$ cat my_file.txt   # compact mmCIF, C-alpha atoms and all ligand atoms
# COMPACT_ATOMS: atom_id res chain seq x y z
CA MET N 125 61.70 133.10 15.05
CA ASN N 126 59.00 134.31 17.38
CA LEU N 127 60.16 137.50 19.07
CA THR N 128 56.75 138.39 20.44
CA GLN N 129 57.19 136.05 23.39
CA PRO N 130 57.07 137.97 26.69
CA LEU N 131 60.46 136.46 27.65
CA LEU N 132 62.11 138.14 24.67
CA GLN N 133 60.80 141.65 25.29
CA PRO N 134 63.19 144.30 26.61
CA TYR N 135 62.83 145.51 30.19
CA GLN N 136 63.86 148.68 31.99
CA MET N 137 65.08 147.82 35.51
CA ARG N 138 65.52 151.28 37.08
CA ASP N 139 68.37 152.79 35.02
CA VAL N 140 69.51 149.43 33.60
CA SER N 141 68.16 148.43 30.16
CA LEU N 142 67.80 144.68 29.67
CA ALA N 143 67.58 143.30 26.12
CA ASN N 144 65.26 140.48 27.21
CA ARG N 145 63.64 139.06 30.33
CA VAL N 146 65.68 135.88 30.53
CA VAL N 147 67.91 136.21 33.60
CA MET N 148 70.75 133.82 34.42
CA ALA N 149 70.24 132.73 38.05
CA PRO N 150 73.23 132.72 40.43
CA LEU N 151 75.08 129.41 40.08
CA THR N 152 77.97 128.24 42.23
CA ARG N 153 80.32 126.25 39.99
CA SER N 154 83.45 125.84 42.18
CA ARG N 155 85.97 126.67 39.47
CA ALA N 156 88.10 129.04 41.60
CA ARG N 157 90.60 126.27 42.35
CA ASN N 158 93.34 128.51 43.66
CA ARG N 159 94.45 129.49 47.14
CA ASP N 160 93.44 133.14 46.76
CA LEU N 161 89.88 132.38 45.60
CA LEU N 162 90.32 134.31 42.35
CA PRO N 163 88.06 134.02 39.33
CA THR N 164 90.06 132.89 36.29
CA ASP N 165 90.09 133.07 32.48
CA LEU N 166 87.69 130.14 32.56
CA HIS N 167 85.16 132.25 34.50
CA ALA N 168 85.49 135.04 31.91
CA GLU N 169 84.88 132.58 29.08
CA TYR N 170 81.90 130.96 30.86
CA TYR N 171 80.12 134.21 31.65
CA ALA N 172 80.86 135.78 28.24
CA GLN N 173 79.31 132.69 26.61
CA ARG N 174 76.09 133.53 28.51
CA ALA N 175 76.09 137.30 27.77
CA SER N 176 72.90 137.11 25.71
CA ALA N 177 70.94 136.76 28.96
CA GLY N 178 69.01 139.95 29.71
CA LEU N 179 71.00 139.94 32.97
CA ILE N 180 73.53 137.58 34.52
CA ILE N 181 73.60 137.18 38.30
CA SER N 182 77.04 135.82 39.19
CA GLU N 183 77.62 132.79 41.35
CA GLY N 184 77.58 133.68 45.04
CA VAL N 185 80.88 135.40 45.94
CA TRP N 186 82.36 135.75 49.41
CA ILE N 187 82.09 139.09 51.16
CA SER N 188 84.94 138.14 53.53
CA GLN N 189 87.10 135.24 54.63
CA ASP N 190 84.59 134.55 57.43
CA ALA N 191 81.82 134.13 54.85
CA VAL N 192 83.37 131.05 53.22
CA GLY N 193 81.39 127.81 53.34
CA TRP N 194 81.81 126.09 49.98
CA HIS N 195 84.94 124.89 48.23
CA ASP N 196 86.57 126.80 45.38
CA VAL N 197 84.15 129.74 45.29
CA PRO N 198 85.70 133.11 44.40
CA GLY N 199 85.68 136.14 46.70
CA LEU N 200 85.28 139.90 46.41
CA PHE N 201 87.23 140.99 49.47
CA THR N 202 90.82 141.39 48.22
CA ASP N 203 92.33 143.74 45.65
CA ASP N 204 93.52 140.75 43.67
CA GLN N 205 89.99 139.33 43.51
CA VAL N 206 88.67 142.70 42.32
CA ALA N 207 91.32 142.84 39.58
CA HIS N 208 90.47 139.33 38.40
CA TRP N 209 86.71 139.99 38.43
CA LYS N 210 87.39 143.04 36.24
CA LEU N 211 88.58 140.65 33.52
CA VAL N 212 85.31 138.75 33.85
CA THR N 213 83.04 141.81 33.73
CA ASP N 214 85.04 143.23 30.80
CA ALA N 215 84.51 139.99 28.88
CA VAL N 216 80.76 140.04 29.59
CA HIS N 217 80.45 143.70 28.58
CA ALA N 218 82.49 143.14 25.41
CA ALA N 219 79.99 140.42 24.51
CA GLY N 220 77.10 142.86 25.09
CA GLY N 221 75.95 141.52 28.45
CA LEU N 222 75.17 142.80 31.93
CA ILE N 223 76.32 141.14 35.17
CA PHE N 224 75.48 141.68 38.86
CA ALA N 225 77.58 140.09 41.64
CA GLN N 226 75.77 137.97 44.20
CA LEU N 227 77.12 138.69 47.70
CA TRP N 228 77.23 135.60 49.90
CA HIS N 229 77.94 134.68 53.52
CA THR N 230 77.17 131.11 54.55
CA GLY N 231 77.15 131.68 58.33
CA SER N 232 76.62 128.34 60.06
CA ALA N 233 76.18 126.49 56.75
CA SER N 234 79.95 126.10 56.71
CA HIS N 235 82.59 123.98 58.39
CA GLY N 236 85.70 124.34 60.53
CA ASP N 237 87.75 123.01 57.61
CA PHE N 238 87.52 126.51 56.12
CA PHE N 239 88.80 128.17 59.33
CA ASP N 240 91.71 126.01 60.53
CA GLY N 241 89.30 124.02 62.69
CA ARG N 242 87.55 126.97 64.33
CA PRO N 243 83.74 126.91 64.16
CA PRO N 244 82.02 129.24 61.70
CA LEU N 245 80.30 132.43 62.85
CA ALA N 246 76.51 132.60 62.97
CA PRO N 247 73.70 134.49 64.74
CA SER N 248 73.55 131.83 67.49
CA ALA N 249 75.31 128.60 68.47
CA VAL N 250 72.78 126.39 66.68
CA ASN N 251 73.95 123.63 64.36
CA PRO N 252 71.73 124.06 61.28
CA GLY N 253 71.84 120.33 60.51
CA LEU N 254 73.08 120.72 56.94
CA LEU N 255 75.98 119.36 54.89
CA ALA N 256 78.84 121.73 54.06
CA PRO N 257 80.60 121.11 50.72
CA THR N 258 84.29 121.19 51.67
CA SER N 259 87.19 120.40 49.36
CA THR N 260 87.23 116.88 50.80
CA GLY N 261 83.52 116.21 50.46
CA ARG N 262 80.21 117.16 52.07
CA LYS N 263 80.56 117.22 55.85
CA PRO N 264 77.92 117.61 58.55
CA THR N 265 77.78 121.14 59.86
CA VAL N 266 78.94 121.79 63.42
CA GLU N 267 77.80 124.06 66.22
CA PRO N 268 78.86 127.56 65.13
CA ARG N 269 79.99 130.38 67.43
CA ALA N 270 77.48 133.16 68.07
CA MET N 271 78.65 136.52 66.72
CA SER N 272 79.25 139.31 69.21
CA GLN N 273 77.54 142.60 68.41
CA ASP N 274 80.89 143.91 67.18
CA GLU N 275 81.16 140.94 64.85
CA VAL N 276 77.63 141.58 63.57
CA ARG N 277 78.60 145.19 62.85
CA LYS N 278 81.82 144.08 61.17
CA THR N 279 79.90 141.62 59.00
CA ILE N 280 77.50 144.36 57.90
CA ALA N 281 80.53 146.49 57.01
CA ASP N 282 81.95 143.54 55.06
CA TYR N 283 78.81 143.47 52.91
CA ALA N 284 79.24 147.17 52.15
CA ALA N 285 82.94 146.76 51.34
CA ALA N 286 82.20 143.82 49.02
CA ALA N 287 79.47 145.83 47.28
CA ARG N 288 81.91 148.69 46.75
CA ASN N 289 84.47 146.18 45.46
CA ALA N 290 81.90 144.74 43.06
CA MET N 291 81.31 148.13 41.47
CA ALA N 292 85.08 148.74 41.31
CA ALA N 293 85.37 145.38 39.54
CA GLY N 294 82.97 146.58 36.86
CA PHE N 295 79.81 144.74 37.92
CA ASP N 296 76.60 146.49 36.89
CA GLY N 297 75.12 145.95 40.34
CA VAL N 298 74.93 143.51 43.23
CA GLN N 299 72.42 141.07 44.64
CA LEU N 300 72.27 140.07 48.30
CA GLN N 301 71.79 136.35 48.89
CA ALA N 302 69.10 136.71 51.56
CA GLY N 303 67.37 133.39 51.01
CA PHE N 304 67.90 129.68 51.39
CA ASN N 305 69.96 128.54 54.41
CA TYR N 306 72.57 131.28 54.57
CA LEU N 307 73.50 134.01 57.02
CA ILE N 308 70.70 136.49 56.38
CA SER N 309 68.11 133.67 56.58
CA GLN N 310 69.79 132.39 59.74
CA PHE N 311 69.08 135.75 61.37
CA LEU N 312 65.45 135.68 60.21
CA ASN N 313 64.78 132.06 61.20
CA PRO N 314 63.73 131.80 64.89
CA ARG N 315 65.21 128.29 65.14
CA THR N 316 68.72 129.46 64.20
CA ASN N 317 68.52 132.88 65.85
CA LEU N 318 68.21 132.65 69.65
CA ARG N 319 69.71 136.07 70.28
CA THR N 320 68.33 138.26 73.00
CA ASP N 321 69.85 141.52 71.70
CA ARG N 322 68.47 143.85 69.01
CA TYR N 323 69.11 141.18 66.34
CA GLY N 324 66.94 138.46 67.89
CA GLY N 325 63.54 137.74 69.38
CA THR N 326 60.83 139.76 67.67
CA LEU N 327 60.33 139.59 63.92
CA GLU N 328 61.52 143.17 63.60
CA ASN N 329 64.72 142.24 65.44
CA ARG N 330 65.33 139.05 63.43
CA ALA N 331 64.91 141.05 60.20
CA ARG N 332 67.10 143.92 61.41
CA PHE N 333 70.33 142.36 60.09
CA LEU N 334 69.04 142.35 56.49
CA PHE N 335 67.87 145.95 56.65
CA GLU N 336 71.11 147.14 58.24
CA VAL N 337 73.00 145.37 55.44
CA ILE N 338 70.81 147.09 52.83
CA GLU N 339 71.39 150.47 54.44
CA ALA N 340 75.14 149.97 54.75
CA VAL N 341 75.36 148.83 51.13
CA GLY N 342 73.18 151.82 50.15
CA ASP N 343 75.74 154.15 51.71
CA VAL N 344 78.33 153.06 49.13
CA VAL N 345 76.32 151.84 46.10
CA ASP N 346 73.20 153.34 44.50
CA LEU N 347 70.38 151.10 45.83
CA ARG N 348 68.81 151.14 42.36
CA ARG N 349 71.71 148.77 41.51
CA VAL N 350 71.13 146.51 44.53
CA GLY N 351 68.79 143.53 44.39
CA VAL N 352 67.77 140.92 46.94
CA LYS N 353 67.28 137.18 46.48
CA ALA N 354 64.76 135.90 48.99
CA GLY N 355 61.62 133.89 49.52
CA PRO N 356 60.10 131.46 51.96
CA ALA N 357 61.71 128.62 50.01
CA TRP N 358 63.73 127.01 52.75
CA SER N 359 65.13 123.64 51.89
CA GLU N 360 62.94 121.75 54.34
CA THR N 361 65.89 120.07 56.06
CA GLY N 362 67.58 120.48 59.42
CA GLU N 363 66.64 123.70 61.20
CA PHE N 364 65.21 125.05 57.93
CA VAL N 365 61.93 123.20 57.91
CA SER N 366 59.49 126.06 57.50
CA GLY N 367 57.61 126.82 60.66
CA PRO N 368 54.21 128.43 61.06
CA GLU N 369 55.85 131.87 61.20
CA ALA N 370 57.48 131.67 57.75
CA LEU N 371 54.59 133.23 55.81
CA ALA N 372 54.08 136.20 58.12
CA ASP N 373 57.84 136.70 58.41
CA HIS N 374 58.25 136.92 54.65
CA GLU N 375 55.20 139.15 54.23
CA TYR N 376 56.87 141.57 56.63
CA VAL N 377 60.38 141.34 55.14
CA LEU N 378 59.38 141.52 51.48
CA GLY N 379 56.87 144.27 52.26
CA ARG N 380 59.55 146.33 53.98
CA LEU N 381 61.77 146.07 50.91
CA ASN N 382 59.33 148.61 49.41
CA ASP N 383 60.90 151.23 51.69
CA TYR N 384 64.00 151.14 49.49
CA GLU N 385 64.27 151.95 45.81
CA LEU N 386 65.93 148.61 45.03
CA SER N 387 66.88 147.09 41.68
CA HIS N 388 64.87 143.91 42.04
CA LEU N 389 63.64 141.04 44.17
CA LEU N 390 64.63 137.60 42.91
CA LEU N 391 61.76 135.65 44.40
CA MET N 392 62.22 131.93 44.80
CA GLY N 393 59.34 129.55 44.41
CA MET N 394 59.07 126.66 46.85
CA MET N 395 61.88 124.13 46.46
CA ALA N 396 60.14 121.41 48.41
CA GLU N 397 56.54 120.45 48.91
CA PRO N 398 55.43 122.88 51.58
CA ALA N 399 54.50 121.23 54.84
CA GLN N 400 50.83 121.23 55.70
CA GLY N 401 49.70 124.60 56.91
CA SER N 402 50.07 128.23 56.02
CA LEU N 403 52.64 127.71 53.25
CA GLU N 404 50.46 125.38 51.18
CA LYS N 405 49.03 128.28 49.23
CA LEU N 406 52.55 129.20 48.10
CA ALA N 407 52.96 126.03 46.02
CA ASP N 408 53.52 126.40 42.25
CA ASP N 409 52.68 129.97 41.19
CA GLY N 410 51.08 130.70 44.57
CA VAL N 411 54.24 132.33 45.86
CA PHE N 412 54.23 134.80 42.97
CA GLN N 413 50.50 135.48 43.25
CA HIS N 414 50.93 136.17 46.93
CA PHE N 415 54.04 138.33 46.95
CA ARG N 416 53.30 140.27 43.74
CA LYS N 417 50.67 142.08 45.81
CA ILE N 418 53.15 142.76 48.59
CA TYR N 419 56.36 143.81 46.81
CA GLN N 420 55.84 146.70 44.37
CA GLY N 421 59.20 146.69 42.52
CA THR N 422 60.69 144.44 39.85
CA ILE N 423 60.20 140.74 40.57
CA ILE N 424 62.36 138.06 39.00
CA ALA N 425 60.59 134.70 39.28
CA ASN N 426 62.71 131.59 39.81
CA VAL N 427 62.78 127.85 40.46
CA GLY N 428 61.81 125.21 37.97
CA PHE N 429 60.75 127.41 35.05
CA ASP N 430 60.72 126.22 31.45
CA GLN N 431 60.07 128.44 28.44
CA GLN N 432 56.31 128.04 28.43
CA ARG N 433 55.84 128.64 32.13
CA GLY N 434 58.17 131.64 31.92
CA ASN N 435 56.13 133.22 29.14
CA THR N 436 52.91 132.50 31.01
CA ILE N 437 54.00 134.03 34.30
CA LEU N 438 55.06 137.21 32.48
CA ALA N 439 51.85 137.31 30.41
CA ASN N 440 49.86 136.99 33.64
CA ASP N 441 51.91 139.85 35.12
CA LEU N 442 52.94 137.84 38.18
CA ALA N 443 56.61 138.71 37.55
CA ASP N 444 58.68 141.02 35.33
CA LEU N 445 61.59 138.72 34.57
CA VAL N 446 62.35 135.00 34.92
CA ALA N 447 65.63 133.55 36.21
CA TYR N 448 66.86 130.24 34.83
CA GLY N 449 69.49 128.26 36.70
CA GLN N 450 70.04 124.73 35.44
CA PRO N 451 68.89 125.58 31.87
CA PHE N 452 71.66 128.20 31.62
CA ILE N 453 74.32 125.72 32.72
CA SER N 454 73.86 123.59 29.61
CA ASN N 455 72.41 126.19 27.16
CA PRO N 456 74.74 129.19 27.00
CA ASP N 457 72.53 130.76 24.30
CA LEU N 458 69.24 130.19 26.11
CA PRO N 459 67.42 133.31 24.72
CA ALA N 460 68.25 132.24 21.13
CA ARG N 461 66.92 128.77 21.84
CA PHE N 462 63.72 130.27 23.21
CA ALA N 463 63.46 132.50 20.10
CA SER N 464 63.62 129.51 17.77
CA HIS N 465 61.85 127.04 20.09
CA ALA N 466 64.94 124.85 19.85
CA PRO N 467 65.34 121.86 22.16
CA LEU N 468 67.34 122.40 25.33
CA ALA N 469 70.42 120.41 26.30
CA ASP N 470 70.39 118.74 29.72
CA PRO N 471 73.01 119.75 32.30
CA LYS N 472 75.50 117.21 33.61
CA ALA N 473 74.90 117.33 37.35
CA HIS N 474 78.10 115.47 38.27
CA LEU N 475 80.07 118.40 36.77
CA PHE N 476 78.14 121.20 38.51
CA TYR N 477 80.86 121.86 41.08
CA GLY N 478 84.08 121.46 39.18
CA PRO N 479 86.78 120.79 38.61
CA ASP N 480 87.50 122.26 35.15
CA ALA N 481 86.16 123.23 31.72
CA ALA N 482 84.24 119.98 31.31
CA GLY N 483 80.56 120.64 31.99
CA TYR N 484 81.37 124.35 32.38
CA THR N 485 82.47 126.02 29.14
CA ASP N 486 82.04 123.10 26.74
CA TYR N 487 78.26 123.17 26.21
CA PRO N 488 77.79 123.96 22.50
CA LEU N 489 75.86 126.85 21.00
CA LEU N 490 72.85 126.11 18.86
CA GLU N 491 73.90 125.05 15.38
CA GLY N 492 73.33 127.41 12.47
C1 LIG B 1 74.72 124.12 40.50
C2 LIG B 1 73.88 125.12 41.22
C3 LIG B 1 74.50 126.15 41.93
C4 LIG B 1 73.74 127.13 42.56
N1 LIG B 1 74.37 128.18 43.19
C5 LIG B 1 73.65 129.20 43.71
C6 LIG B 1 74.29 130.36 44.24
O1 LIG B 1 75.51 130.51 44.25
N2 LIG B 1 73.50 131.33 44.77
C7 LIG B 1 72.14 131.22 44.78
O2 LIG B 1 71.45 132.13 45.25
N3 LIG B 1 71.52 130.15 44.25
C8 LIG B 1 72.24 129.15 43.70
N4 LIG B 1 71.60 128.09 43.11
C9 LIG B 1 70.14 128.13 42.99
C10 LIG B 1 69.77 128.73 41.62
O3 LIG B 1 70.12 130.10 41.56
C11 LIG B 1 68.28 128.62 41.37
O4 LIG B 1 67.60 129.29 42.40
C12 LIG B 1 67.84 127.18 41.29
O5 LIG B 1 68.70 126.40 40.46
C13 LIG B 1 66.41 127.08 40.74
O6 LIG B 1 66.34 127.55 39.40
P1 LIG B 1 66.25 126.51 38.17
O7 LIG B 1 65.10 125.61 38.51
O8 LIG B 1 66.00 127.34 36.95
O9 LIG B 1 67.55 125.76 38.11
C14 LIG B 1 72.34 127.08 42.52
C15 LIG B 1 71.71 126.02 41.83
C16 LIG B 1 72.47 125.06 41.18
C17 LIG B 1 71.78 123.97 40.40

$ encode --input "my_file.txt" --output "structure tokens"
Amino acid sequence: MNLTQPLLQPYQMRDVSLANRVVMAPLTRSRARNRDLLPTDLHAEYYAQRASAGLIISEGVWISQDAVGWHDVPGLFTDDQVAHWKLVTDAVHAAGGLIFAQLWHTGSASHGDFFDGRPPLAPSAVNPGLLAPTSTGRKPTVEPRAMSQDEVRKTIADYAAAARNAMAAGFDGVQLQAGFNYLISQFLNPRTNLRTDRYGGTLENRARFLFEVIEAVGDVVDLRRVGVKAGPAWSETGEFVSGPEALADHEYVLGRLNDYELSHLLLMGMMAEPAQGSLEKLADDGVFQHFRKIYQGTIIANVGFDQQRGNTILANDLADLVAYGQPFISNPDLPARFASHAPLADPKAHLFYGPDAAGYTDYPLLEG
């Protein structure tokens, strides 16, 4: 056993004490196969199996019915959902773990199938050119309906209500999904946000939605328990091919996060080869080198890390914690495997999104 590895050192994240620096990344697994989008006993078993992570970030969970854009994902907007999540958080705590809820709204990255045929709500009526995973397969996204200002305000209130629900359900904190192709990114991205009101146009206006969400959530939950997942790591498809503005936009947004005493920033590395231009320097560890100087709080590094690269990024002080996604799917005891330098099991990708225990709760623990 080698416990001197940086990944296995404890970490103090504001008032939350983590036993190690191995974070479980948020992972949608589509096991809430019930009409009310409730987490089940299977969720409790799955998360409790992974309680040796320094911190678990839950799969993305819906802040409202309007937020839905992926099949069989649980919500945090009804009393019943809160009660069922309490069983999950109790199981994780009983196993000695910590769990934050990731709050999710897919915006235009959704489909009318989730809304009786009505188009999803988004900043502007721009089809993002993605595929939406419905219960009958991946379907091309459609032109969404632009939110009115009242609907924007209601959506911000939905984030706050879901954050309050998360704490009532026993989560140790929340994380806002502010990256990838989803609603908060759709406001920031000038190709999906054509608004001419205070939420569109200038960078400050495009970023306003995120900061109003943070402030509304901060009115009901201690911001030291609120993290943000973000980064210029757009998927490089549809309207999300990074434009020349992406670097400056993220410097501004991630820099402004310093104005709040947040729990953490889960910073995503690039998921695709950056197009020629200003984002090239963000390849590999470049994104962490760049934004470590800009964001002063706790940084959780993510995307494509193995044990060695995780230890190295911590030793080089480019991040404080490392989030593992796919490795945690197939290695429920990932920190123990790192401690003993045991081989890792490979995840079964065809079972990522359901339907049952196979490929979810049946990955074995390390022998002995
Ligand atoms: C099956 C699967 C589901 C995912 N679901 C989410 C999610 O709900 N929310 C989120 O922010 N990221 C999600 N991600 C992205 C992961 O959190 C993570 O950023 C990504 O897998 C890169 O980390 P890794 O290379 O360690 O797997 C998902 C990834 C996978 C493979």

$ closest_atom_pairs --input "my_file.txt" --of "chain N" --to "ligand LIG 1 (chain B)" --cutoff "7 Å" --atoms "all atoms listed in the file" --output "CSV"
residue,atom,partner,partner_atom,distance
N:Ala149,CA,B:LIG1,O3,4.4
N:Pro150,CA,B:LIG1,O3,4.2
N:Leu151,CA,B:LIG1,N1,3.4
N:Thr152,CA,B:LIG1,N1,3.7
N:Arg153,CA,B:LIG1,C1,6.0
N:Glu183,CA,B:LIG1,O1,4.2
N:Gly184,CA,B:LIG1,O1,3.9
N:Gln301,CA,B:LIG1,O2,5.6
N:Lys353,CA,B:LIG1,O2,6.7
N:Met392,CA,B:LIG1,O4,6.5
N:Asn426,CA,B:LIG1,O6,5.4
N:Val427,CA,B:LIG1,C13,3.7
N:Gly428,CA,B:LIG1,O7,3.4
N:Phe429,CA,B:LIG1,O8,5.6
N:Ala447,CA,B:LIG1,O8,6.3
N:Tyr448,CA,B:LIG1,O8,3.7
N:Gly449,CA,B:LIG1,O9,3.5
N:Gln450,CA,B:LIG1,O9,3.8
N:Pro451,CA,B:LIG1,O8,6.1
N:Phe476,CA,B:LIG1,C1,4.9
N:Tyr477,CA,B:LIG1,C1,6.6

$ write_last_selection --input "my_file.txt" --atoms "C-alpha atoms" --output "mmCIF file, keeping the file's coordinate frame"
data_model
loop_
_atom_site.group_PDB
_atom_site.id
_atom_site.type_symbol
_atom_site.label_atom_id
_atom_site.label_comp_id
_atom_site.auth_asym_id
_atom_site.auth_seq_id
_atom_site.Cartn_x
_atom_site.Cartn_y
_atom_site.Cartn_z
ATOM 1 C CA ALA N 149 70.240 132.730 38.050
ATOM 2 C CA PRO N 150 73.230 132.720 40.430
ATOM 3 C CA LEU N 151 75.080 129.410 40.080
ATOM 4 C CA THR N 152 77.970 128.240 42.230
ATOM 5 C CA ARG N 153 80.320 126.250 39.990
ATOM 6 C CA GLU N 183 77.620 132.790 41.350
ATOM 7 C CA GLY N 184 77.580 133.680 45.040
ATOM 8 C CA GLN N 301 71.790 136.350 48.890
ATOM 9 C CA LYS N 353 67.280 137.180 46.480
ATOM 10 C CA MET N 392 62.220 131.930 44.800
ATOM 11 C CA ASN N 426 62.710 131.590 39.810
ATOM 12 C CA VAL N 427 62.780 127.850 40.460
ATOM 13 C CA GLY N 428 61.810 125.210 37.970
ATOM 14 C CA PHE N 429 60.750 127.410 35.050
ATOM 15 C CA ALA N 447 65.630 133.550 36.210
ATOM 16 C CA TYR N 448 66.860 130.240 34.830
ATOM 17 C CA GLY N 449 69.490 128.260 36.700
ATOM 18 C CA GLN N 450 70.040 124.730 35.440
ATOM 19 C CA PRO N 451 68.890 125.580 31.870
ATOM 20 C CA PHE N 476 78.140 121.200 38.510
ATOM 21 C CA TYR N 477 80.860 121.860 41.080
#

$ residues_near_point --input "my_file.txt" --point "(85.7, 125.2, 61.5)" --cutoff "12 Å" --atoms "only C-alpha atoms" --output "ChimeraX atom specification"
/N:190-193,231-246,256,258,263-269

$ closest_residue --input "my_file.txt" --among "N:Thr260, N:Ser176, N:Ser248, N:Asn382" --to "N:Arg461" --atoms "all atoms listed in the file"
N:Ser176

$ residues_around --input "my_file.txt" --residues "N:Ala281" --least-positions-apart "2" --cutoff "12 Å" --atoms "only C-alpha atoms" --output "PyMOL selection string"
chain N and resi 187-188+201+274-279+283-288+333+336-344

$ axis_aligned_box --input "my_file.txt" --around "stretch 330-344 of chain N" --padding-each-side "8 Å" --output "AutoDock Vina command-line options"
--center_x 71.6 --center_y 146.6 --center_z 56.3 --size_x 29.4 --size_y 31.1 --size_z 30.3

$ atom_distance --input "my_file.txt" --atom1 "atom CA of N:Gly355" --atom2 "atom CA of N:Leu227"
16.3 Å

$ residues_near_point --input "my_file.txt" --point "(62.9, 144.6, 42.9)" --cutoff "7 Å" --atoms "only C-alpha atoms" --output "short mmCIF file (atom, residue, chain, number, x, y, z; two decimals) with C-alpha atoms, keeping the file's coordinate frame"
data_model
loop_
_atom_site.label_atom_id
_atom_site.label_comp_id
_atom_site.auth_asym_id
_atom_site.auth_seq_id
_atom_site.Cartn_x
_atom_site.Cartn_y
_atom_site.Cartn_z
CA GLY N 351 68.79 143.53 44.39
CA LEU N 386 65.93 148.61 45.03
CA SER N 387 66.88 147.09 41.68
CA HIS N 388 64.87 143.91 42.04
CA LEU N 389 63.64 141.04 44.17
CA GLY N 421 59.20 146.69 42.52
CA THR N 422 60.69 144.44 39.85
CA ILE N 423 60.20 140.74 40.57
#

$ closest_atom_pairs --input "my_file.txt" --of "stretch 356-470 of chain N" --to "stretch 320-328 of chain N" --cutoff "10 Å" --atoms "all atoms listed in the file" --output "Markdown table"
| residue | atom | partner | partner_atom | distance |
| --- | --- | --- | --- | --- |
| N:Glu369 | CA | N:Leu327 | CA | 9.3 |
| N:Ala372 | CA | N:Leu327 | CA | 9.2 |
| N:Asp373 | CA | N:Leu327 | CA | 6.7 |
| N:His374 | CA | N:Leu327 | CA | 9.9 |
| N:Tyr376 | CA | N:Leu327 | CA | 8.3 |
| N:Val377 | CA | N:Glu328 | CA | 8.7 |

$ closest_residue --input "my_file.txt" --among "N:His167, N:Gln129, N:Met148, N:Leu179" --to "N:Gly478" --atoms "only C-alpha atoms"
N:His167

$ atom_distance --input "my_file.txt" --atom1 "atom CA of N:Asp430" --atom2 "atom CA of N:Leu131"
10.9 Å

$ atom_distance --input "my_file.txt" --atom1 "atom CA of N:Ile437" --atom2 "atom CA of N:Ile424"
10.4 Å

$ closest_residue --input "my_file.txt" --among "N:Tyr384, N:Phe462, N:Trp209, N:Phe311" --to "N:Ala293" --atoms "all atoms listed in the file"
N:Trp209

$ closest_residue --input "my_file.txt" --among "N:Tyr171, N:Trp186, N:Phe335, N:Phe412" --to "N:Val352" --atoms "all atoms listed in the file"
N:Phe335

$ closest_residue --input "my_file.txt" --among "N:Leu458, N:Ala225, N:Ile418, N:Ala175" --to "N:Gln431" --atoms "only C-alpha atoms"
N:Leu458

$ closest_residue --input "my_file.txt" --among "N:Thr213, N:Thr316, N:Thr436, N:Ser309" --to "N:Leu334" --atoms "all atoms listed in the file"
N:Ser309
